[in-house]
file protein_6.cif (mmCIF, C-alpha atoms and all ligand atoms)
data_my_file
#
loop_
_atom_site.label_atom_id
_atom_site.label_comp_id
_atom_site.auth_asym_id
_atom_site.auth_seq_id
_atom_site.Cartn_x
_atom_site.Cartn_y
_atom_site.Cartn_z
CA MET A 1 -28.32 30.59 42.09
CA PRO A 2 -27.29 26.92 42.02
CA HIS A 3 -25.34 25.80 39.00
CA THR A 4 -27.15 23.36 36.73
CA PRO A 5 -25.30 21.42 34.04
CA THR A 6 -27.50 23.01 31.36
CA THR A 7 -26.12 26.49 32.05
CA THR A 8 -23.09 27.50 30.00
CA ALA A 9 -21.49 30.78 29.03
CA LEU A 10 -19.29 32.23 26.31
CA ARG A 11 -17.07 35.29 26.53
CA GLY A 12 -15.69 37.14 23.52
CA CYS A 13 -16.55 39.69 20.85
CA LEU A 14 -20.30 39.38 20.23
CA LEU A 15 -21.61 40.24 16.79
CA SER A 16 -25.27 40.45 15.80
CA PHE A 17 -27.79 42.59 13.92
CA LYS A 18 -30.26 45.12 15.30
CA GLY A 19 -31.44 46.32 11.86
CA ASN A 20 -31.60 45.47 8.18
CA PRO A 21 -28.46 46.59 6.30
CA PHE A 22 -30.44 46.72 3.03
CA THR A 23 -32.67 49.49 4.41
CA CYS A 24 -30.26 51.49 6.60
CA PRO A 25 -26.53 52.30 6.44
CA PRO A 26 -24.97 48.81 6.98
CA GLU A 27 -22.86 49.87 10.00
CA GLU A 28 -26.01 51.09 11.77
CA ALA A 29 -27.59 47.64 11.43
CA LEU A 30 -24.74 45.94 13.30
CA TRP A 31 -24.51 45.29 17.06
CA VAL A 32 -21.03 44.61 18.44
CA GLU A 33 -19.93 44.02 22.04
CA GLU A 34 -16.16 43.76 22.01
CA ASP A 35 -15.87 42.04 25.40
CA GLY A 36 -19.25 40.41 25.75
CA LEU A 37 -20.76 37.58 27.75
CA LEU A 38 -23.53 35.20 26.66
CA ILE A 39 -25.20 33.04 29.29
CA MET A 40 -27.27 30.11 28.07
CA GLN A 41 -29.68 27.90 29.92
CA ASN A 42 -31.77 25.00 28.60
CA GLY A 43 -30.83 25.87 25.03
CA LYS A 44 -31.75 29.55 25.21
CA ILE A 45 -29.84 32.77 25.72
CA THR A 46 -30.70 34.17 29.15
CA HIS A 47 -28.19 37.05 29.27
CA CYS A 48 -26.28 38.82 26.55
CA GLY A 49 -24.23 41.99 27.03
CA PRO A 50 -20.93 43.57 28.08
CA TYR A 51 -18.88 41.26 30.31
CA THR A 52 -18.49 43.90 33.00
CA GLN A 53 -22.27 44.25 33.41
CA THR A 54 -23.33 40.65 32.73
CA HIS A 55 -20.90 38.49 34.71
CA GLN A 56 -22.86 39.17 37.92
CA PHE A 57 -25.60 36.91 36.50
CA LEU A 58 -23.27 33.94 36.09
CA PRO A 59 -24.38 31.07 38.33
CA ALA A 60 -21.68 29.84 40.72
CA ASN A 61 -19.33 27.35 39.05
CA CYS A 62 -20.88 27.96 35.62
CA PRO A 63 -18.20 27.14 33.03
CA VAL A 64 -17.23 30.15 30.86
CA THR A 65 -15.61 29.37 27.53
CA HIS A 66 -13.44 32.33 26.56
CA TYR A 67 -12.72 33.10 22.90
CA PRO A 68 -10.49 36.17 23.30
CA ASP A 69 -9.51 36.49 19.62
CA SER A 70 -12.72 35.38 17.94
CA LEU A 71 -16.06 36.77 16.81
CA ILE A 72 -19.18 35.13 18.22
CA SER A 73 -22.13 35.27 15.83
CA ALA A 74 -25.51 33.60 15.57
CA GLY A 75 -25.11 30.30 13.72
CA PHE A 76 -25.27 30.43 9.93
CA ILE A 77 -28.50 29.49 8.14
CA ASP A 78 -28.40 27.64 4.80
CA THR A 79 -31.77 28.09 3.09
CA HIS A 80 -31.32 25.57 0.26
CA VAL A 81 -29.29 22.35 0.24
CA HIS A 82 -29.65 18.66 -0.71
CA TYR A 83 -28.06 16.22 1.75
CA PRO A 84 -28.25 13.19 -0.60
CA GLN A 85 -26.11 15.06 -3.14
CA LEU A 86 -23.07 15.25 -0.88
CA PRO A 87 -21.45 12.30 -2.73
CA VAL A 88 -21.75 14.04 -6.16
CA ILE A 89 -20.45 17.50 -5.23
CA ALA A 90 -17.93 18.64 -7.89
CA SER A 91 -19.25 16.47 -10.75
CA TRP A 92 -18.12 17.73 -14.12
CA GLY A 93 -19.67 19.15 -17.20
CA ASP A 94 -23.45 19.52 -17.40
CA GLU A 95 -26.13 22.15 -17.11
CA LEU A 96 -29.08 21.59 -14.78
CA LEU A 97 -31.35 19.09 -16.55
CA ALA A 98 -28.54 16.84 -17.85
CA TRP A 99 -26.75 17.12 -14.50
CA LEU A 100 -29.83 15.79 -12.71
CA GLN A 101 -29.97 12.80 -15.10
CA HIS A 102 -26.26 12.01 -15.08
CA TYR A 103 -25.31 12.55 -11.47
CA VAL A 104 -28.16 13.41 -9.12
CA PHE A 105 -30.74 10.74 -9.89
CA PRO A 106 -28.22 7.86 -9.70
CA ALA A 107 -26.91 9.31 -6.42
CA GLU A 108 -30.41 9.64 -4.96
CA SER A 109 -31.27 6.04 -5.98
CA ARG A 110 -28.73 4.80 -3.43
CA PHE A 111 -30.99 6.11 -0.67
CA ALA A 112 -33.28 3.11 -1.11
CA ASP A 113 -30.91 1.74 1.53
CA LYS A 114 -31.70 3.30 4.93
CA THR A 115 -28.25 2.47 6.30
CA PHE A 116 -26.65 4.46 3.50
CA ALA A 117 -29.10 7.31 4.12
CA SER A 118 -28.23 7.38 7.83
CA ALA A 119 -24.48 7.39 7.16
CA THR A 120 -24.82 10.22 4.62
CA ALA A 121 -27.10 12.25 6.93
CA LYS A 122 -24.51 11.94 9.68
CA ALA A 123 -21.64 12.97 7.38
CA PHE A 124 -23.69 15.89 6.03
CA LEU A 125 -24.69 17.28 9.44
CA THR A 126 -21.10 16.92 10.66
CA GLU A 127 -20.00 19.03 7.67
CA LEU A 128 -22.67 21.66 8.34
CA LEU A 129 -21.48 22.07 11.93
CA ARG A 130 -17.84 22.19 10.81
CA ASN A 131 -18.90 25.15 8.66
CA GLY A 132 -20.76 26.98 11.42
CA THR A 133 -24.20 26.23 9.95
CA THR A 134 -26.77 25.47 12.62
CA THR A 135 -30.02 25.56 10.63
CA ALA A 136 -30.69 24.48 7.05
CA ALA A 137 -33.62 23.87 4.70
CA VAL A 138 -32.77 20.43 3.38
CA TYR A 139 -34.08 18.24 0.55
CA CYS A 140 -34.06 14.51 1.27
CA THR A 141 -34.94 11.95 -1.45
CA VAL A 142 -38.21 10.39 -2.57
CA HIS A 143 -37.73 7.65 0.06
CA SER A 144 -39.56 8.36 3.34
CA HIS A 145 -36.80 6.77 5.38
CA SER A 146 -34.29 9.31 3.96
CA VAL A 147 -36.26 11.90 5.97
CA ASP A 148 -36.30 9.71 9.08
CA ALA A 149 -32.54 9.20 8.73
CA PHE A 150 -31.96 12.95 8.53
CA PHE A 151 -34.25 14.00 11.37
CA GLU A 152 -33.02 11.18 13.64
CA GLU A 153 -29.46 12.53 13.36
CA SER A 154 -30.59 16.16 13.69
CA ALA A 155 -32.61 15.28 16.82
CA ARG A 156 -29.54 13.55 18.28
CA LEU A 157 -27.46 16.69 17.71
CA GLY A 158 -30.22 19.04 18.88
CA THR A 159 -30.12 21.14 15.70
CA ARG A 160 -33.08 23.10 14.35
CA MET A 161 -33.56 21.76 10.84
CA ILE A 162 -36.17 22.05 8.12
CA ALA A 163 -36.45 19.05 5.77
CA GLY A 164 -38.82 16.99 3.69
CA LYS A 165 -39.36 14.07 1.35
CA VAL A 166 -38.92 14.90 -2.33
CA LEU A 167 -42.11 14.50 -4.37
CA MET A 168 -41.58 13.34 -7.99
CA ASP A 169 -44.20 11.56 -10.06
CA ARG A 170 -42.86 12.15 -13.58
CA ASN A 171 -39.71 12.82 -15.64
CA ALA A 172 -37.45 10.85 -13.28
CA PRO A 173 -36.24 7.23 -13.16
CA THR A 174 -39.02 4.85 -12.11
CA ALA A 175 -37.16 3.88 -8.94
CA LEU A 176 -37.27 7.54 -7.82
CA GLN A 177 -40.93 8.19 -8.59
CA ASP A 178 -43.83 8.19 -6.19
CA THR A 179 -47.42 8.87 -7.20
CA ALA A 180 -49.49 11.91 -6.29
CA GLN A 181 -51.49 9.87 -3.76
CA GLN A 182 -48.53 7.94 -2.30
CA GLY A 183 -46.42 11.08 -2.03
CA TYR A 184 -49.27 12.77 -0.20
CA ALA A 185 -49.76 9.87 2.23
CA ASP A 186 -46.03 9.48 2.91
CA SER A 187 -45.60 13.22 3.49
CA ALA A 188 -48.62 13.35 5.81
CA ALA A 189 -47.15 10.52 7.90
CA LEU A 190 -43.76 12.28 8.05
CA ILE A 191 -45.40 15.55 9.08
CA ALA A 192 -47.20 13.74 11.91
CA ARG A 193 -43.91 12.12 12.97
CA TRP A 194 -41.51 15.03 12.70
CA HIS A 195 -43.06 18.49 12.33
CA GLY A 196 -42.64 20.27 15.66
CA ASN A 197 -41.01 17.18 17.17
CA GLY A 198 -38.32 18.86 19.29
CA ARG A 199 -36.56 21.35 17.00
CA GLN A 200 -37.43 19.62 13.72
CA LEU A 201 -39.65 21.34 11.14
CA TYR A 202 -41.17 19.79 8.03
CA ALA A 203 -41.10 21.16 4.49
CA VAL A 204 -43.43 19.79 1.82
CA THR A 205 -40.89 19.23 -0.99
CA PRO A 206 -41.98 18.88 -4.62
CA ARG A 207 -38.60 18.91 -6.43
CA PHE A 208 -39.84 21.29 -9.15
CA ALA A 209 -42.62 21.74 -11.67
CA LEU A 210 -40.98 19.49 -14.27
CA THR A 211 -40.97 16.39 -12.05
CA SER A 212 -44.47 16.76 -10.57
CA THR A 213 -47.82 16.42 -12.33
CA PRO A 214 -50.39 19.17 -11.73
CA GLU A 215 -52.22 16.66 -9.53
CA GLN A 216 -49.15 16.16 -7.33
CA LEU A 217 -48.57 19.93 -7.04
CA GLU A 218 -52.23 20.35 -6.07
CA LEU A 219 -51.88 17.75 -3.28
CA ALA A 220 -48.61 19.34 -2.16
CA GLY A 221 -50.56 22.60 -1.80
CA THR A 222 -53.19 20.83 0.29
CA LEU A 223 -50.44 19.47 2.58
CA PHE A 224 -48.65 22.82 2.82
CA ASN A 225 -51.84 24.51 3.95
CA SER A 226 -52.93 21.66 6.22
CA GLN A 227 -51.41 23.03 9.43
CA PRO A 228 -49.68 26.18 10.68
CA GLY A 229 -45.93 26.48 10.59
CA LEU A 230 -45.29 23.99 7.78
CA PHE A 231 -42.72 24.93 5.15
CA MET A 232 -42.73 24.25 1.41
CA GLN A 233 -39.55 24.11 -0.65
CA THR A 234 -39.03 23.73 -4.38
CA HIS A 235 -36.98 25.13 -7.27
CA LEU A 236 -38.01 28.12 -9.35
CA SER A 237 -36.64 29.64 -12.53
CA GLU A 238 -33.09 28.32 -12.32
CA THR A 239 -32.18 27.98 -16.02
CA GLN A 240 -33.62 29.24 -19.31
CA GLN A 241 -34.04 25.70 -20.64
CA GLU A 242 -36.00 24.68 -17.53
CA CYS A 243 -38.21 27.79 -17.83
CA ALA A 244 -38.99 26.96 -21.50
CA GLU A 245 -39.90 23.40 -20.52
CA VAL A 246 -42.21 24.62 -17.74
CA LYS A 247 -43.94 26.90 -20.26
CA ARG A 248 -44.49 23.91 -22.55
CA LEU A 249 -45.87 21.67 -19.78
CA PHE A 250 -48.06 24.35 -18.17
CA PRO A 251 -49.37 26.38 -21.13
CA ASN A 252 -52.14 28.00 -19.09
CA ALA A 253 -49.86 29.43 -16.40
CA THR A 254 -49.01 33.11 -16.71
CA SER A 255 -45.49 32.53 -15.32
CA TYR A 256 -43.35 29.85 -13.67
CA LEU A 257 -44.29 31.24 -10.23
CA ASP A 258 -47.95 31.09 -11.28
CA VAL A 259 -47.66 27.29 -11.71
CA TYR A 260 -46.93 27.04 -7.98
CA ASP A 261 -49.40 29.76 -7.08
CA LYS A 262 -52.27 27.94 -8.79
CA ALA A 263 -51.43 24.86 -6.66
CA GLY A 264 -51.52 26.83 -3.39
CA LEU A 265 -47.73 26.65 -2.96
CA VAL A 266 -46.95 30.38 -2.63
CA GLY A 267 -47.12 32.13 0.74
CA PRO A 268 -45.22 32.58 4.01
CA ARG A 269 -42.67 29.77 4.56
CA ALA A 270 -42.65 28.85 0.85
CA LEU A 271 -38.94 28.64 -0.03
CA PHE A 272 -37.99 28.88 -3.68
CA GLY A 273 -34.48 27.90 -4.75
CA HIS A 274 -32.83 30.32 -7.25
CA GLY A 275 -35.44 32.61 -8.89
CA ILE A 276 -32.82 33.81 -11.37
CA HIS A 277 -34.99 34.54 -14.39
CA LEU A 278 -37.88 36.28 -12.65
CA HIS A 279 -39.67 39.41 -13.82
CA GLU A 280 -40.95 42.44 -11.96
CA GLN A 281 -44.46 41.02 -11.47
CA ASP A 282 -42.91 37.87 -9.93
CA PHE A 283 -40.86 39.93 -7.46
CA GLN A 284 -43.99 41.91 -6.66
CA HIS A 285 -45.91 38.69 -5.99
CA CYS A 286 -43.09 37.29 -3.80
CA HIS A 287 -43.13 40.52 -1.80
CA THR A 288 -46.90 40.48 -1.35
CA THR A 289 -47.16 36.83 -0.37
CA GLY A 290 -44.16 36.64 2.03
CA CYS A 291 -42.42 33.74 0.29
CA MET A 292 -38.62 33.50 0.11
CA LEU A 293 -36.00 33.17 -2.62
CA ALA A 294 -32.81 31.22 -1.84
CA HIS A 295 -29.82 32.82 -3.58
CA CYS A 296 -27.35 30.04 -4.37
CA PRO A 297 -24.38 31.70 -6.08
CA THR A 298 -21.84 28.85 -6.07
CA SER A 299 -24.41 26.55 -7.69
CA ASN A 300 -25.53 29.14 -10.22
CA LEU A 301 -21.94 29.78 -11.32
CA PHE A 302 -21.03 26.07 -11.32
CA LEU A 303 -23.96 25.03 -13.56
CA GLY A 304 -23.84 28.27 -15.54
CA SER A 305 -27.47 28.94 -14.66
CA GLY A 306 -27.31 32.73 -14.49
CA LEU A 307 -26.87 35.67 -12.13
CA PHE A 308 -29.47 36.28 -9.41
CA LYS A 309 -30.62 39.91 -9.31
CA LEU A 310 -30.16 40.38 -5.56
CA PHE A 311 -30.49 44.16 -5.40
CA ASP A 312 -33.49 44.05 -7.71
CA ALA A 313 -35.12 41.50 -5.38
CA LYS A 314 -34.28 43.64 -2.33
CA GLY A 315 -35.59 46.87 -3.92
CA PRO A 316 -36.88 49.02 -1.03
CA HIS A 317 -40.22 49.69 -2.78
CA ARG A 318 -41.15 45.96 -2.59
CA PRO A 319 -38.41 44.00 -0.83
CA VAL A 320 -38.48 40.25 -1.37
CA ARG A 321 -37.38 37.89 1.40
CA VAL A 322 -34.02 36.37 0.43
CA GLY A 323 -31.69 33.88 2.08
CA LEU A 324 -28.41 32.33 1.00
CA GLY A 325 -28.23 28.68 -0.05
CA THR A 326 -25.24 26.49 -0.72
CA ASP A 327 -27.29 24.14 -2.96
CA VAL A 328 -24.80 21.31 -2.59
CA GLY A 329 -24.35 19.14 -4.74
CA ALA A 330 -24.56 21.74 -7.56
CA GLY A 331 -23.12 24.19 -5.07
CA THR A 332 -19.40 23.81 -4.55
CA SER A 333 -19.11 24.42 -0.81
CA LEU A 334 -21.11 23.93 2.37
CA SER A 335 -19.44 27.06 3.77
CA LEU A 336 -21.71 30.09 4.07
CA LEU A 337 -18.53 32.21 4.17
CA ALA A 338 -17.55 30.91 0.72
CA THR A 339 -21.17 31.38 -0.43
CA MET A 340 -21.12 35.03 0.73
CA GLY A 341 -17.90 35.54 -1.23
CA GLU A 342 -19.48 34.19 -4.42
CA ALA A 343 -22.62 36.28 -3.80
CA TYR A 344 -20.33 39.33 -3.77
CA LYS A 345 -18.83 38.31 -7.13
CA VAL A 346 -22.29 37.71 -8.61
CA SER A 347 -23.30 41.21 -7.47
CA ALA A 348 -20.14 42.56 -9.13
CA LEU A 349 -20.97 40.79 -12.41
CA ALA A 350 -24.56 42.04 -12.29
CA ASN A 351 -23.20 45.61 -12.63
CA GLY A 352 -25.37 46.93 -9.81
CA PRO A 353 -24.42 47.80 -6.23
CA LYS A 354 -21.73 45.58 -4.70
CA LEU A 355 -22.82 43.37 -1.83
CA HIS A 356 -21.59 44.88 1.47
CA ALA A 357 -20.00 42.50 3.99
CA LEU A 358 -22.64 43.33 6.59
CA GLN A 359 -25.43 42.69 4.08
CA ALA A 360 -23.86 39.30 3.32
CA PHE A 361 -23.56 38.33 7.00
CA TRP A 362 -27.13 39.52 7.59
CA LEU A 363 -28.36 37.33 4.72
CA ALA A 364 -26.63 34.34 6.34
CA THR A 365 -28.04 34.98 9.84
CA ALA A 366 -30.74 37.48 10.87
CA GLY A 367 -32.00 38.05 7.32
CA ALA A 368 -32.37 34.33 6.66
CA ALA A 369 -34.25 33.90 9.93
CA GLN A 370 -36.63 36.70 8.95
CA SER A 371 -37.08 35.22 5.48
CA LEU A 372 -37.95 31.87 7.06
CA HIS A 373 -40.37 33.55 9.51
CA LEU A 374 -38.18 32.18 12.35
CA SER A 375 -36.60 35.42 13.58
CA HIS A 376 -38.26 35.01 16.99
CA LYS A 377 -36.18 31.84 17.51
CA ILE A 378 -32.88 32.02 15.58
CA GLY A 379 -30.59 34.39 13.67
CA THR A 380 -29.58 36.92 16.34
CA LEU A 381 -27.88 37.06 19.73
CA ALA A 382 -30.47 38.30 22.20
CA VAL A 383 -32.18 37.22 25.40
CA GLY A 384 -34.79 34.55 24.71
CA MET A 385 -33.27 33.41 21.42
CA GLU A 386 -32.23 29.81 20.87
CA ALA A 387 -28.52 29.37 21.65
CA ASP A 388 -27.10 28.42 18.24
CA LEU A 389 -23.74 30.06 17.69
CA CYS A 390 -20.85 30.21 15.31
CA VAL A 391 -17.43 31.29 16.61
CA LEU A 392 -15.26 32.78 13.86
CA ASN A 393 -11.49 33.10 13.90
CA PRO A 394 -10.67 36.19 11.83
CA LYS A 395 -6.97 35.23 11.74
CA ALA A 396 -7.37 31.60 10.73
CA THR A 397 -4.95 31.81 7.82
CA PRO A 398 -1.78 33.86 7.19
CA LEU A 399 -3.56 35.96 4.55
CA LEU A 400 -6.45 36.70 6.88
CA ALA A 401 -4.13 37.50 9.78
CA GLN A 402 -2.67 40.49 7.93
CA ARG A 403 -6.08 41.79 6.77
CA SER A 404 -7.94 42.53 10.02
CA GLN A 405 -8.84 46.20 10.43
CA SER A 406 -12.34 47.60 10.98
CA ILE A 407 -15.11 45.11 11.72
CA ALA A 408 -16.64 45.46 8.24
CA ASP A 409 -13.20 45.00 6.66
CA THR A 410 -12.52 41.93 8.81
CA LEU A 411 -15.86 40.40 7.85
CA PHE A 412 -15.30 41.14 4.17
CA ALA A 413 -11.89 39.44 4.28
CA LEU A 414 -13.52 36.47 6.04
CA MET A 415 -16.14 36.04 3.31
CA ILE A 416 -13.66 36.43 0.46
CA LEU A 417 -10.76 34.40 1.91
CA GLY A 418 -12.47 32.27 4.55
CA ASP A 419 -14.07 28.85 4.76
CA ASP A 420 -14.33 26.03 7.32
CA ARG A 421 -10.81 26.85 8.55
CA CYS A 422 -12.26 30.03 10.10
CA ILE A 423 -14.87 28.23 12.18
CA GLU A 424 -13.32 28.07 15.64
CA ALA A 425 -16.37 26.40 17.21
CA THR A 426 -20.06 25.76 16.69
CA TRP A 427 -22.62 25.72 19.49
CA VAL A 428 -26.09 24.25 19.20
CA ASN A 429 -28.84 24.48 21.77
CA GLY A 430 -26.35 25.84 24.29
CA HIS A 431 -23.78 23.08 23.80
CA CYS A 432 -20.47 23.02 21.94
CA VAL A 433 -20.91 20.52 19.09
CA TYR A 434 -17.77 21.32 17.10
CA GLN A 435 -14.34 22.64 18.01
CA GLN A 436 -11.65 23.36 15.43
CA PRO A 437 -8.77 20.97 16.01
CA HIS A 438 -5.63 23.03 16.58
CA LYS A 439 -2.58 22.07 14.63
CA GLY A 440 0.75 22.07 16.41
CA LEU A 441 3.46 24.41 15.21
ZN ZN B 501 -31.40 22.67 -5.33
#
call {"tool": "encode", "arguments": {"input": "protein_6.cif", "output": "structure tokens", "more": "lines below"}}
Ligand SMILES: [Zn+2]
result
Amino acid sequence: MPHTPTTTALRGCLLSFKGNPFTCPPEEALWVEEDGLLIMQNGKITHCGPYTQTHQFLPANCPVTHYPDSLISAGFIDTHVHYPQLPVIASWGDELLAWLQHYVFPAESRFADKTFASATAKAFLTELLRNGTTTAAVYCTVHSHSVDAFFEESARLGTRMIAGKVLMDRNAPTALQDTAQQGYADSAALIARWHGNGRQLYAVTPRFALTSTPEQLELAGTLFNSQPGLFMQTHLSETQQECAEVKRLFPNATSYLDVYDKAGLVGPRALFGHGIHLHEQDFQHCHTTGCMLAHCPTSNLFLGSGLFKLFDAKGPHRPVRVGLGTDVGAGTSLSLLATMGEAYKVSALANGPKLHALQAFWLATAGAAQSLHLSHKIGTLAVGMEADLCVLNPKATPLLAQRSQSIADTLFALMILGDDRCIEATWVNGHCVYQQPHKGL
């Protein structure tokens, strides 16, 4: 077979999931090939298996990048993050509603300038790749060109991203408000421009119930249901104060989730950030409708919002789709490793089962892909899947180097002690887009 420049290969310890570690013993859900080979062509995995059996399929002269001491996983998936909030990460002292007023809205106002939006989008996507994240569900700002800026950079990198223009027609500074009609028209134009354009996917993005009128939510529902494959992202039940305010503004709704449901915003590919203060009937409704909750532990701890009931949500009698979100800027890290570590601590505080390392890694890869209804494209290492990879160095720091034992133990140490230092390389669409710079001795 002649070598084409689009064919590349990676050799090393391959790590992926063949099952759901919330419904079977976690070790049984894992797939490991200690000396494996991945061959990628035109952005997709064409071969994936033990080196000894797979190297015969290597085209002549195909470059093989060997990571002898690393773990090769599907790229991480961040299911909830705000790129315009990168400049206000680690801002002190407020709970959600005051924090939005004091830090977030002023920061988002700067995106009236497209040049600033483009520079921030570039910095943000560079950070994602440095952290091994290859897909994310991303909020832009109310400005249409903030979405263009983001997708233009994502298209240049070849990443599969989900993003959308924030809709806000009340309870925000005038400069950040659209109207129900204008928000609808702008979103429709962005959908036509970007949804399904290469690897880019659009999410209709009302910020949350407090900043949208019922009319705007209604029109967001019309957009969301206007064509197959569209996403919808918003916030749900993050703090008690927010929940009380939603009750006041929507007295006829039976619950916070019902506000969105009445507007046609609940269903497959509806992504709800947080969902901390939900009740059994809400979990039941999430399960039935196929929507997803994004668990954002670093953000929830930082703002003091509360503890997400992960094992309640994942109850085997009516499992809810869940992904992990960094929720930067309220989140304190763009690293999914750090986010897994905080999810473990939240599970410990919740006094229920402790999050297993393999459950955490599943939530950041295969589980997130399933929750997003994208598991046929991303989230696992298998033939036919898109070639987005994260190469982890389990000995990236002195503390980690003395902790490596079984695979589950190594992964647990990585999520408790690891961060961007452990990302050896990130591959997107079959190409290396980030390589950890090696320090001299
Ligand atoms: Zn958020």
call {"tool": "residues_near_ligand", "arguments": {"input": "protein_6.cif", "ligand": "ligand ZN 501 (chain B)", "cutoff": "9 Å", "atoms": "only C-alpha atoms and all ligand atoms", "output": "PyMOL selection string"}}
result
chain A and resi 80-82+139+207+234-235+273-274+296+299+325-331
call {"tool": "closest_atom_pairs", "arguments": {"input": "protein_6.cif", "of": "range 145-187 of chain A", "to": "range 385-408 of chain A", "cutoff": "12 Å", "atoms": "all atoms listed in the file", "output": "Markdown table"}}
result
| residue | atom | partner | partner_atom | distance |
| --- | --- | --- | --- | --- |
| A:Leu157 | CA | A:Asp388 | CA | 11.7 |
| A:Gly158 | CA | A:Asp388 | CA | 9.9 |
| A:Thr159 | CA | A:Asp388 | CA | 8.3 |
| A:Arg160 | CA | A:Asp388 | CA | 8.9 |
| A:Met161 | CA | A:Asp388 | CA | 11.9 |
call {"tool": "atom_distance", "arguments": {"input": "protein_6.cif", "atom1": "CA of Val346 in chain A", "atom2": "CA of Phe308 in chain A"}}
result
7.4 Å
call {"tool": "atom_distance", "arguments": {"input": "protein_6.cif", "atom1": "CA of Leu230 in chain A", "atom2": "CA of Gly132 in chain A"}}
result
25.0 Å
call {"tool": "closest_residue", "arguments": {"input": "protein_6.cif", "among": "A:Cys13, A:Val64, A:Leu96, A:Val88", "to": "Phe302 in chain A", "atoms": "all atoms listed in the file"}}
result
A:Leu96
call {"tool": "atom_distance", "arguments": {"input": "protein_6.cif", "atom1": "CA of His143 in chain A", "atom2": "CA of Leu176 in chain A"}}
result
7.9 Å
call {"tool": "residues_around", "arguments": {"input": "protein_6.cif", "residues": "Ser237 in chain A", "least_positions_apart": "6", "cutoff": "7 Å", "atoms": "all atoms listed in the file", "output": "PyMOL selection string"}}
result
chain A and resi 243+256+274-278
call {"tool": "closest_residue", "arguments": {"input": "protein_6.cif", "among": "A:Asn429, A:Asn351, A:Gln359, A:Ser333", "to": "Thr7 in chain A", "atoms": "only C-alpha atoms"}}
result
A:Asn429
call {"tool": "residues_around", "arguments": {"input": "protein_6.cif", "residues": "Asp312 in chain A", "least_positions_apart": "5", "cutoff": "10 Å", "atoms": "all atoms listed in the file", "output": "list of chain:residue names"}}
result
A:His279, A:Glu280, A:Phe283, A:Arg318, A:Pro319, A:Val320, A:Gly352, A:Pro353
call {"tool": "residues_around", "arguments": {"input": "protein_6.cif", "residues": "Leu349 in chain A", "least_positions_apart": "5", "cutoff": "12 Å", "atoms": "all atoms listed in the file", "output": "MDAnalysis selection string"}}
result
chainID A and resid 297 301 306:310 342:344 354:355
call {"tool": "residues_near_point", "arguments": {"input": "protein_6.cif", "point": "(-45.4, 31.9, -15.3)", "cutoff": "10 Å", "atoms": "all atoms listed in the file", "output": "NGL selection string"}}
result
:A and (237 or 243 or 246-247 or 250-261 or 278-279 or 281-282)
call {"tool": "residues_around", "arguments": {"input": "protein_6.cif", "residues": "Gly196 in chain A", "least_positions_apart": "3", "cutoff": "12 Å", "atoms": "only C-alpha atoms", "output": "list in words"}}
result
Phe151, Ala155, Arg160, Met161, Ile162, Ala163, Leu190, Ile191, Ala192, Arg193, Arg199, Gln200, Leu201, Tyr202, Ala203, Gln227, Pro228, Gly229, Leu230 and Phe231 of chain A
call {"tool": "closest_residue", "arguments": {"input": "protein_6.cif", "among": "A:Gly315, A:Pro21, A:Pro59, A:Pro68", "to": "Ala366 in chain A", "atoms": "all atoms listed in the file"}}
result
A:Pro21
call {"tool": "closest_residue", "arguments": {"input": "protein_6.cif", "among": "A:Leu30, A:Ile89, A:Leu303, A:Leu10", "to": "Pro50 in chain A", "atoms": "only C-alpha atoms"}}
result
A:Leu10
call {"tool": "closest_residue", "arguments": {"input": "protein_6.cif", "among": "A:Phe111, A:Tyr103, A:Phe76, A:Phe124", "to": "Gly323 in chain A", "atoms": "all atoms listed in the file"}}
result
A:Phe76
call {"tool": "closest_residue", "arguments": {"input": "protein_6.cif", "among": "A:Ser305, A:Thr339, A:Val433, A:Pro316", "to": "Asp94 in chain A", "atoms": "only C-alpha atoms"}}
result
A:Ser305
call {"tool": "residues_around", "arguments": {"input": "protein_6.cif", "residues": "Ser144 in chain A", "least_positions_apart": "4", "cutoff": "7 Å", "atoms": "only C-alpha atoms", "output": "list in words"}}
result
Asp148, Lys165 and Asp186 of chain A
